[in-house]
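Novice: Contents are CSV, C-alpha atoms (C1' of nucleotides); file name target36.csv:
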```csv
chain,number,residue,atom,x,y,z
A,650,MET,CA,100.8,-5.8,-23.9
A,651,LYS,CA,97.3,-4.5,-24.4
A,652,LYS,CA,95.5,-4.2,-27.7
A,653,TYR,CA,93.4,-1.2,-28.5
A,654,PHE,CA,90.9,-0.7,-31.3
A,655,THR,CA,89.5,2.3,-33.0
A,656,ILE,CA,85.8,2.6,-33.5
A,657,GLN,CA,86.3,1.6,-37.1
A,658,GLN,CA,88.1,-1.5,-36.2
A,659,MET,CA,85.4,-2.3,-33.6
A,660,ALA,CA,82.8,-1.9,-36.2
A,661,LYS,CA,84.6,-4.3,-38.5
A,662,THR,CA,85.3,-6.8,-35.7
A,663,THR,CA,81.8,-6.8,-34.2
A,664,GLY,CA,79.7,-6.2,-37.3
A,665,LEU,CA,78.0,-3.3,-35.6
A,666,THR,CA,78.2,0.1,-37.3
A,667,GLU,CA,80.0,3.0,-35.8
A,668,TYR,CA,76.6,4.6,-35.4
A,669,THR,CA,75.4,1.7,-33.3
A,670,LEU,CA,78.6,1.7,-31.2
A,671,ARG,CA,78.1,5.3,-30.3
A,672,TYR,CA,74.4,4.7,-29.8
A,673,TYR,CA,75.1,1.9,-27.3
A,674,GLU,CA,77.3,4.3,-25.4
A,675,ARG,CA,74.7,7.1,-25.6
A,676,ILE,CA,72.0,4.8,-24.0
A,677,GLY,CA,74.4,3.5,-21.4
A,678,LEU,CA,75.0,0.0,-22.6
A,679,VAL,CA,78.7,0.8,-22.8
A,680,LYS,CA,80.6,3.1,-20.6
A,681,PHE,CA,84.0,4.5,-19.8
A,682,ILE,CA,85.7,3.8,-23.1
A,683,ALA,CA,89.3,5.1,-22.9
A,684,ARG,CA,90.2,8.0,-25.1
A,685,LYS,CA,93.4,8.9,-26.9
A,686,ASP,CA,94.9,12.4,-26.5
A,687,ASN,CA,92.8,13.6,-29.4
A,688,GLY,CA,89.6,12.3,-27.9
A,689,HIS,CA,89.2,9.3,-30.1
A,690,ARG,CA,87.9,6.1,-28.6
A,691,GLN,CA,90.3,3.4,-27.7
A,692,TYR,CA,88.4,0.2,-27.2
A,693,SER,CA,90.2,-2.4,-25.1
A,694,SER,CA,89.8,-6.2,-25.6
A,695,ASN,CA,87.8,-6.1,-22.4
A,696,ASP,CA,85.4,-3.6,-24.1
A,697,LEU,CA,85.2,-5.9,-27.1
A,698,GLN,CA,84.3,-8.9,-24.9
A,699,TRP,CA,81.5,-6.9,-23.2
A,700,ILE,CA,80.1,-5.7,-26.5
A,701,GLU,CA,80.2,-9.2,-27.8
A,702,PHE,CA,78.3,-10.3,-24.8
A,703,LEU,CA,75.7,-7.6,-25.3
A,704,MET,CA,75.4,-8.8,-28.9
A,705,ARG,CA,74.5,-12.2,-27.7
A,706,LEU,CA,71.9,-10.9,-25.4
A,707,ARG,CA,70.4,-8.9,-28.3
A,708,ALA,CA,70.6,-11.9,-30.6
A,709,THR,CA,68.7,-13.9,-28.0
A,710,GLY,CA,65.9,-11.4,-28.0
A,711,MET,CA,66.7,-9.4,-24.9
A,712,PRO,CA,65.1,-6.0,-25.2
A,713,ILE,CA,67.4,-2.9,-25.0
A,714,ARG,CA,65.6,-1.9,-21.8
A,715,ASP,CA,66.7,-5.1,-20.0
A,716,MET,CA,70.2,-4.8,-21.4
A,717,GLN,CA,70.4,-1.3,-20.0
A,718,ARG,CA,69.4,-2.6,-16.6
A,719,PHE,CA,72.0,-5.4,-16.9
A,720,ALA,CA,74.7,-2.9,-18.0
A,721,GLU,CA,73.8,-0.6,-15.1
A,722,LEU,CA,74.3,-3.4,-12.7
A,723,ARG,CA,77.6,-4.5,-14.3
A,724,TYR,CA,79.0,-0.9,-13.9
A,725,GLN,CA,78.0,-0.9,-10.3
A,726,GLY,CA,80.6,-3.7,-9.7
A,727,ASP,CA,80.8,-7.0,-7.9
A,728,LYS,CA,78.1,-6.2,-5.4
A,729,THR,CA,75.5,-6.7,-8.1
A,730,VAL,CA,76.7,-10.2,-9.2
A,731,ALA,CA,73.7,-11.9,-7.6
A,732,LYS,CA,71.2,-9.6,-9.4
A,733,ARG,CA,73.0,-10.1,-12.7
A,734,LYS,CA,73.0,-13.8,-12.2
A,735,ALA,CA,69.3,-13.7,-11.5
A,736,MET,CA,68.6,-11.7,-14.6
A,737,LEU,CA,70.6,-14.2,-16.7
A,738,ILE,CA,68.7,-17.1,-15.2
A,739,VAL,CA,65.4,-15.5,-16.1
A,740,HIS,CA,66.7,-14.8,-19.6
A,741,LEU,CA,68.1,-18.4,-20.0
A,742,GLU,CA,64.6,-19.7,-19.3
A,743,LYS,CA,63.2,-17.5,-22.0
A,744,VAL,CA,65.9,-18.7,-24.4
A,745,GLN,CA,65.0,-22.3,-23.5
A,746,GLN,CA,61.3,-21.7,-24.1
A,747,HIS,CA,62.1,-20.0,-27.4
A,748,ILE,CA,64.2,-23.0,-28.5
A,749,ASN,CA,61.5,-25.4,-27.5
A,750,GLU,CA,58.9,-23.3,-29.5
A,751,TRP,CA,61.1,-23.2,-32.5
A,752,MET,CA,61.8,-27.0,-32.4
A,753,LYS,CA,58.0,-27.5,-32.3
A,754,TYR,CA,57.6,-25.3,-35.3
A,755,LYS,CA,60.4,-27.1,-37.0
A,756,ARG,CA,58.5,-30.3,-36.7
A,757,VAL,CA,55.4,-28.6,-38.2
A,758,LEU,CA,57.5,-27.5,-41.1
A,759,ILE,CA,58.9,-30.9,-41.7
A,760,GLN,CA,55.4,-32.4,-41.6
A,761,LYS,CA,54.2,-29.8,-44.1
A,762,ILE,CA,57.1,-30.6,-46.4
A,763,GLU,CA,56.4,-34.3,-46.1
A,764,TYR,CA,52.8,-33.6,-46.9
A,765,TYR,CA,53.8,-31.8,-50.0
A,766,SER,CA,56.0,-34.7,-51.0
A,767,ASN,CA,53.2,-37.2,-50.6
A,768,LEU,CA,50.9,-35.0,-52.7
A,769,LYS,CA,53.4,-35.1,-55.5
A,770,GLN,CA,53.6,-38.9,-55.5
A,771,LYS,CA,49.8,-39.2,-55.9
A,772,ARG,CA,49.7,-37.2,-59.1
B,944,MET,CA,28.7,-30.1,-40.2
B,945,LYS,CA,30.9,-27.1,-40.7
B,946,LYS,CA,32.0,-24.7,-38.0
B,947,TYR,CA,32.2,-21.0,-38.7
B,948,PHE,CA,33.8,-18.2,-36.7
B,949,THR,CA,33.2,-14.5,-36.5
B,950,ILE,CA,36.2,-12.2,-36.7
B,951,GLN,CA,35.9,-11.7,-32.9
B,952,GLN,CA,36.0,-15.4,-32.3
B,953,MET,CA,39.0,-15.7,-34.6
B,954,ALA,CA,40.8,-13.0,-32.7
B,955,LYS,CA,40.2,-14.8,-29.5
B,956,THR,CA,41.1,-18.2,-30.9
B,957,THR,CA,44.3,-17.1,-32.7
B,958,GLY,CA,45.5,-14.4,-30.4
B,959,LEU,CA,45.6,-12.0,-33.3
B,960,THR,CA,43.6,-8.8,-33.1
B,961,GLU,CA,40.7,-8.0,-35.4
B,962,TYR,CA,42.9,-5.3,-36.9
B,963,THR,CA,45.6,-7.8,-37.7
B,964,LEU,CA,43.1,-10.2,-39.2
B,965,ARG,CA,41.8,-7.5,-41.6
B,966,TYR,CA,45.3,-6.4,-42.2
B,967,TYR,CA,46.4,-9.8,-43.2
B,968,GLU,CA,43.5,-9.9,-45.7
B,969,ARG,CA,44.4,-6.4,-47.0
B,970,ILE,CA,48.0,-7.5,-47.8
B,971,GLY,CA,46.9,-10.7,-49.4
B,972,LEU,CA,48.0,-13.3,-46.8
B,973,VAL,CA,44.4,-14.4,-46.4
B,974,LYS,CA,41.9,-14.5,-49.2
B,975,PHE,CA,38.3,-15.5,-50.1
B,976,ILE,CA,36.9,-15.4,-46.6
B,977,ALA,CA,33.2,-16.3,-46.8
B,978,ARG,CA,30.7,-13.7,-45.9
B,979,LYS,CA,27.3,-13.8,-44.3
B,980,ASP,CA,24.3,-12.1,-45.9
B,981,ASN,CA,25.2,-9.0,-44.0
B,982,GLY,CA,28.7,-9.0,-45.3
B,983,HIS,CA,30.3,-10.2,-42.0
B,984,ARG,CA,33.2,-12.5,-42.3
B,985,GLN,CA,32.6,-16.2,-41.8
B,986,TYR,CA,35.9,-17.9,-41.1
B,987,SER,CA,35.9,-21.6,-41.7
B,988,SER,CA,38.1,-24.1,-39.8
B,989,ASN,CA,40.1,-24.3,-42.9
B,990,ASP,CA,40.8,-20.6,-42.7
B,991,LEU,CA,41.7,-21.0,-39.1
B,992,GLN,CA,44.2,-23.7,-40.0
B,993,TRP,CA,45.8,-21.5,-42.6
B,994,ILE,CA,46.0,-18.5,-40.3
B,995,GLU,CA,47.6,-20.7,-37.7
B,996,PHE,CA,50.1,-21.9,-40.2
B,997,LEU,CA,50.9,-18.3,-41.1
B,998,MET,CA,51.4,-17.5,-37.5
B,999,ARG,CA,53.9,-20.3,-37.2
B,1000,LEU,CA,55.8,-18.9,-40.2
B,1001,ARG,CA,55.8,-15.4,-38.5
B,1002,ALA,CA,56.8,-16.9,-35.2
B,1003,THR,CA,59.8,-18.5,-36.9
B,1004,GLY,CA,60.9,-15.1,-38.3
B,1005,MET,CA,59.6,-15.3,-41.9
B,1006,PRO,CA,59.2,-11.8,-43.1
B,1007,ILE,CA,55.7,-10.7,-44.3
B,1008,ARG,CA,57.1,-10.3,-47.8
B,1009,ASP,CA,58.0,-14.0,-48.0
B,1010,MET,CA,54.7,-15.0,-46.4
B,1011,GLN,CA,52.9,-13.0,-49.1
B,1012,ARG,CA,54.8,-14.9,-51.7
B,1013,PHE,CA,53.9,-18.2,-50.1
B,1014,ALA,CA,50.2,-17.2,-49.8
B,1015,GLU,CA,50.2,-16.1,-53.4
B,1016,LEU,CA,51.4,-19.6,-54.4
B,1017,ARG,CA,49.0,-21.3,-52.2
B,1018,TYR,CA,46.1,-19.4,-53.7
B,1019,GLN,CA,47.3,-20.5,-57.2
B,1020,GLY,CA,46.5,-24.1,-56.3
B,1021,ASP,CA,48.2,-27.4,-56.6
B,1022,LYS,CA,50.4,-26.6,-59.5
B,1023,THR,CA,52.6,-24.5,-57.1
B,1024,VAL,CA,53.2,-27.3,-54.6
B,1025,ALA,CA,56.8,-27.8,-55.7
B,1026,LYS,CA,57.6,-24.1,-55.2
B,1027,ARG,CA,55.9,-23.9,-51.9
B,1028,LYS,CA,57.8,-27.0,-50.8
B,1029,ALA,CA,61.1,-25.4,-51.9
B,1030,MET,CA,60.2,-22.3,-49.9
B,1031,LEU,CA,59.5,-24.3,-46.8
B,1032,ILE,CA,62.8,-26.2,-47.2
B,1033,VAL,CA,64.7,-23.0,-47.4
B,1034,HIS,CA,62.8,-21.7,-44.4
B,1035,LEU,CA,63.4,-24.9,-42.5
B,1036,GLU,CA,67.1,-24.4,-43.0
B,1037,LYS,CA,66.9,-20.9,-41.5
B,1038,VAL,CA,65.0,-22.2,-38.6
B,1039,GLN,CA,67.6,-24.9,-38.0
B,1040,GLN,CA,70.4,-22.3,-38.1
B,1041,HIS,CA,68.5,-20.1,-35.7
B,1042,ILE,CA,68.0,-23.0,-33.3
B,1043,ASN,CA,71.7,-23.9,-33.5
B,1044,GLU,CA,72.7,-20.3,-32.9
B,1045,TRP,CA,70.4,-20.0,-29.9
B,1046,MET,CA,71.7,-23.2,-28.4
B,1047,LYS,CA,75.2,-21.8,-28.8
B,1048,TYR,CA,74.2,-18.7,-27.0
B,1049,LYS,CA,72.4,-20.8,-24.3
B,1050,ARG,CA,75.7,-22.4,-23.5
B,1051,VAL,CA,77.3,-19.0,-23.2
B,1052,LEU,CA,74.6,-17.9,-20.8
B,1053,ILE,CA,75.1,-21.0,-18.7
B,1054,GLN,CA,78.8,-20.4,-18.6
B,1055,LYS,CA,78.3,-16.9,-17.5
B,1056,ILE,CA,75.9,-18.0,-14.8
B,1057,GLU,CA,78.4,-20.6,-13.6
B,1058,TYR,CA,81.1,-17.9,-13.6
B,1059,TYR,CA,78.9,-15.8,-11.3
B,1060,SER,CA,78.3,-18.7,-9.0
B,1061,ASN,CA,82.0,-19.3,-8.7
B,1062,LEU,CA,82.7,-15.7,-8.0
B,1063,LYS,CA,80.2,-15.9,-5.1
B,1064,GLN,CA,81.9,-18.9,-3.6
B,1065,LYS,CA,85.2,-17.1,-3.5
B,1066,ARG,CA,84.0,-14.2,-1.4
C,767,DC,C1',97.7,23.0,-46.8
C,768,DC,C1',94.4,19.7,-46.9
C,769,DT,C1',92.5,15.3,-46.6
C,770,DT,C1',91.3,11.8,-43.3
C,771,DG,C1',89.2,10.1,-39.5
C,772,DA,C1',87.8,10.9,-35.6
C,773,DC,C1',84.8,13.7,-32.5
C,774,DT,C1',80.3,16.5,-30.6
C,775,DT,C1',74.9,17.4,-30.0
C,776,DA,C1',70.5,17.2,-31.4
C,777,DG,C1',67.3,15.7,-34.0
C,778,DA,C1',65.3,13.5,-38.2
C,779,DG,C1',64.5,9.3,-40.9
C,780,DT,C1',64.0,4.2,-41.8
C,781,DG,C1',61.8,-0.3,-41.9
C,782,DC,C1',59.0,-3.5,-40.0
C,783,DA,C1',54.7,-5.1,-38.4
C,784,DC,C1',51.2,-3.9,-36.7
C,785,DT,C1',47.5,-0.9,-34.3
C,786,DC,C1',44.3,2.4,-34.3
C,787,DT,C1',41.1,6.3,-35.7
C,788,DA,C1',37.8,8.7,-38.4
C,789,DA,C1',33.5,8.7,-40.4
C,790,DG,C1',30.5,6.6,-42.2
C,791,DT,C1',27.1,2.2,-43.3
C,792,DT,C1',24.3,-2.0,-42.4
C,793,DG,C1',21.8,-5.7,-40.2
C,794,DT,C1',20.4,-8.3,-36.0
C,795,DA,C1',19.2,-8.5,-31.1
C,796,DT,C1',16.7,-6.6,-26.9
D,462,DA,C1',14.1,2.4,-30.9
D,463,DT,C1',18.6,1.7,-29.8
D,464,DA,C1',22.6,-0.6,-28.9
D,465,DC,C1',25.8,-3.7,-30.8
D,466,DA,C1',28.8,-5.9,-33.9
D,467,DA,C1',30.1,-6.1,-37.8
D,468,DC,C1',31.6,-3.6,-42.2
D,469,DT,C1',34.3,0.0,-45.5
D,470,DT,C1',38.5,3.2,-47.1
D,471,DA,C1',42.2,5.8,-46.2
D,472,DG,C1',45.5,7.2,-43.7
D,473,DA,C1',47.9,8.3,-39.2
D,474,DG,C1',50.2,6.6,-35.2
D,475,DT,C1',53.2,3.3,-32.4
D,476,DG,C1',57.3,1.0,-30.7
D,477,DC,C1',61.5,-0.8,-31.4
D,478,DA,C1',66.2,-0.5,-32.7
D,479,DC,C1',68.7,1.4,-35.1
D,480,DT,C1',70.7,4.7,-38.9
D,481,DC,C1',71.8,8.8,-40.7
D,482,DT,C1',72.4,13.9,-41.3
D,483,DA,C1',73.7,18.5,-40.2
D,484,DA,C1',77.1,21.4,-38.9
D,485,DG,C1',80.6,22.1,-36.7
D,486,DT,C1',85.5,21.0,-34.2
D,487,DC,C1',90.1,19.0,-33.8
D,488,DA,C1',94.7,16.7,-34.7
D,489,DA,C1',97.9,13.9,-37.2
D,490,DG,C1',99.9,12.4,-41.8
D,491,DG,C1',101.4,13.1,-46.6
```
Using structure tokens, write down the structure from this file.
Specialist:
Amino acid sequence: MKKYFTIQQMAKTTGLTEYTLRYYERIGLVKFIARKDNGHRQYSSNDLQWIEFLMRLRATGMPIRDMQRFAELRYQGDKTVAKRKAMLIVHLEKVQQHINEWMKYKRVLIQKIEYYSNLKQKR
Amino acid sequence: MKKYFTIQQMAKTTGLTEYTLRYYERIGLVKFIARKDNGHRQYSSNDLQWIEFLMRLRATGMPIRDMQRFAELRYQGDKTVAKRKAMLIVHLEKVQQHINEWMKYKRVLIQKIEYYSNLKQKR
DNA sequence: CCTTGACTTAGAGTGCACTCTAAGTTGTAT
DNA sequence: ATACAACTTAGAGTGCACTCTAAGTCAAGG
């Protein structure tokens, strides 16, 4: 019992616009979306999962170019698993660095806020 | 014994380009940079600290518009401390949210990597 | 019949934050 | 003297990731 989605439903579910969904297809991030008799896209829940994964990669700052590379590998099938894994490991490291950086900046912010609080007490 | 920097030295120290340093002045993020007799900028270590703080705000995703607002308040002096503090508290919350989000995505990445590892073992 | 919601290609426009160029000036260093 | 490193204004260009428009087609539902 498979569930299918129209492009509009996908837009609503993912938060991407229909434009972006077509754009992602155009640039090869998403491929082989099933079509109804009338040519309308029929996204499967599998497609949804893939798009949501893409969204996470974007949200963690992966450039479109790299995502295209990743998608290309994915669509080549299981033989590229090692390469994809390697890409994700590299990306994970970047994500970790980013988190570290932001935590450092967070501390700076907290210090600044504390500094402002102390200033207030003095006057 | 004050230390002064030329724009070139500032560029090197901060990692910003000279263009960007002038641009930040143009849009009001940085003001009242001292000048030598010949009109050349003389950045003080105080200026450096301010610019480095601005860079941290940028690095943590604060839009230029908000930074302009913050800078404006700063240049209005101590009477705006409360407002600046409030801005930083709001920003801190965003930074925290962002860190949480990225940590969530990090876990997703780790799971995916593990999934790939398991796939490999099966073949 | 006509509105709705898809679809197509190709290309233009947007917003952000720079980044650079042009075309000139001025003062210091070799 | 000449090269160098600044400086100015004003505006153009860049790169990214969308976002939208034009101008048309097509098929089902009320």
Novice: Which residues are near region 775-783 of chain C? Cut-off 9 Å, only C-alpha atoms (C1' of nucleotides), ignore same chain within fewer than 4 positions. Put them as a ChimeraX atom specification.
Specialist: /B:1006-1007 /D:479-482
Novice: Find the residues in chain B near chain A: any atom within 12 Å counts, using only C-alpha atoms. Write them as a PyMOL selection string.
Specialist: chain B and resi 993+995-1004+1017+1021-1066
Novice: Considering all atoms listed in the file, extract the chain C residues located within 7 Å of chain B and return them as a PyMOL selection string.
Specialist: chain C and resi 784-785+793
Novice: Extract, using all atoms listed in the file, all DNA, RNA and protein residues at most 12 Å from DT463 (chain D), discarding same-chain residues fewer than 4 positions from it, and format them as a CSV table (one decimal) with C-alpha atoms (C1' of nucleotides), in the coordinates of the input.
Specialist:
```
chain,number,residue,atom,x,y,z
C,794,DT,C1',20.4,-8.3,-36.0
C,795,DA,C1',19.2,-8.5,-31.1
C,796,DT,C1',16.7,-6.6,-26.9
```
Novice: Interatomic distance between CA of Leu1016 (chain B) and CA of Ser988 (chain B)?
Specialist: 20.3 Å
Novice: Quick one: residues within 12 Å of DC768 (chain C), only C-alpha atoms (C1' of nucleotides), excluding same-chain residues fewer than 5 positions away - as a ChimeraX atom specification?
Specialist: /D:489-491
Novice: Residues of chain D no more than 10 Å from chain B, counting all atoms listed in the file: send them over as a list in words.
Specialist: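 Contact residues on the first chain: DA466, DA467 and DC468 of chain D.
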Novice: Restricted to C-alpha atoms (C1' of nucleotides), what would the selected residues look like written as a short mmCIF file (atom, residue, chain, number, x, y, z; two decimals), in the frame of the given file?
Specialist:
```
data_model
loop_
_atom_site.label_atom_id
_atom_site.label_comp_id
_atom_site.auth_asym_id
_atom_site.auth_seq_id
_atom_site.Cartn_x
_atom_site.Cartn_y
_atom_site.Cartn_z
"C1'" DA D 466 28.80 -5.90 -33.90
"C1'" DA D 467 30.10 -6.10 -37.80
"C1'" DC D 468 31.60 -3.60 -42.20
#
```
Novice: Within 12 Å of DA788 (chain C), counting all atoms listed in the file, which residues qualify if same-chain residues fewer than 5 places away don't, as a PDB file with C-alpha atoms (C1' of nucleotides), in the frame of the given file?
Specialist:
```
ATOM      1  C1'  DT D 469      34.300   0.000 -45.500  1.00  0.00           C
ATOM      2  C1'  DT D 470      38.500   3.200 -47.100  1.00  0.00           C
ATOM      3  C1'  DA D 471      42.200   5.800 -46.200  1.00  0.00           C
ATOM      4  C1'  DG D 472      45.500   7.200 -43.700  1.00  0.00           C
ATOM      5  C1'  DA D 473      47.900   8.300 -39.200  1.00  0.00           C
TER       6       DA D 473
END
```
Novice: When you draw a straight line from CA of Glu721 (chain A) to CA of Ile676 (chain A), how long is it in Å?
Specialist: 10.6 Å
Novice: For a test of reading the model, state the distance in Å between CA of Ile700 (chain A) and CA of Met659 (chain A), rounded to one decimal.
Specialist: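 Spanning CA of Ile700 (chain A) to CA of Met659 (chain A) is a straight-line distance of 9.5 Å.
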Novice: Saving region 716-731 of chain A with C-alpha atoms, as a PDB file, in the first residue's frame, what would that file be?
Specialist:
```pdb
ATOM      1  CA  MET A 716      25.160  17.326  -3.111  1.00  0.00           C
ATOM      2  CA  GLN A 717      25.099  16.806  -6.855  1.00  0.00           C
ATOM      3  CA  ARG A 718      28.132  14.573  -6.542  1.00  0.00           C
ATOM      4  CA  PHE A 719      26.491  12.643  -3.724  1.00  0.00           C
ATOM      5  CA  ALA A 720      23.250  12.253  -5.669  1.00  0.00           C
ATOM      6  CA  GLU A 721      25.141  11.070  -8.716  1.00  0.00           C
ATOM      7  CA  LEU A 722      26.772   8.364  -6.637  1.00  0.00           C
ATOM      8  CA  ARG A 723      23.489   7.360  -5.075  1.00  0.00           C
ATOM      9  CA  TYR A 724      21.887   6.915  -8.471  1.00  0.00           C
ATOM     10  CA  GLN A 725      24.764   4.689  -9.534  1.00  0.00           C
ATOM     11  CA  GLY A 726      23.646   2.147  -6.953  1.00  0.00           C
ATOM     12  CA  ASP A 727      25.273   0.055  -4.280  1.00  0.00           C
ATOM     13  CA  LYS A 728      28.705  -0.076  -5.831  1.00  0.00           C
ATOM     14  CA  THR A 729      29.244   3.532  -4.730  1.00  0.00           C
ATOM     15  CA  VAL A 730      28.413   2.976  -1.069  1.00  0.00           C
ATOM     16  CA  ALA A 731      32.028   3.308   0.013  1.00  0.00           C
TER      17      ALA A 731
END
```
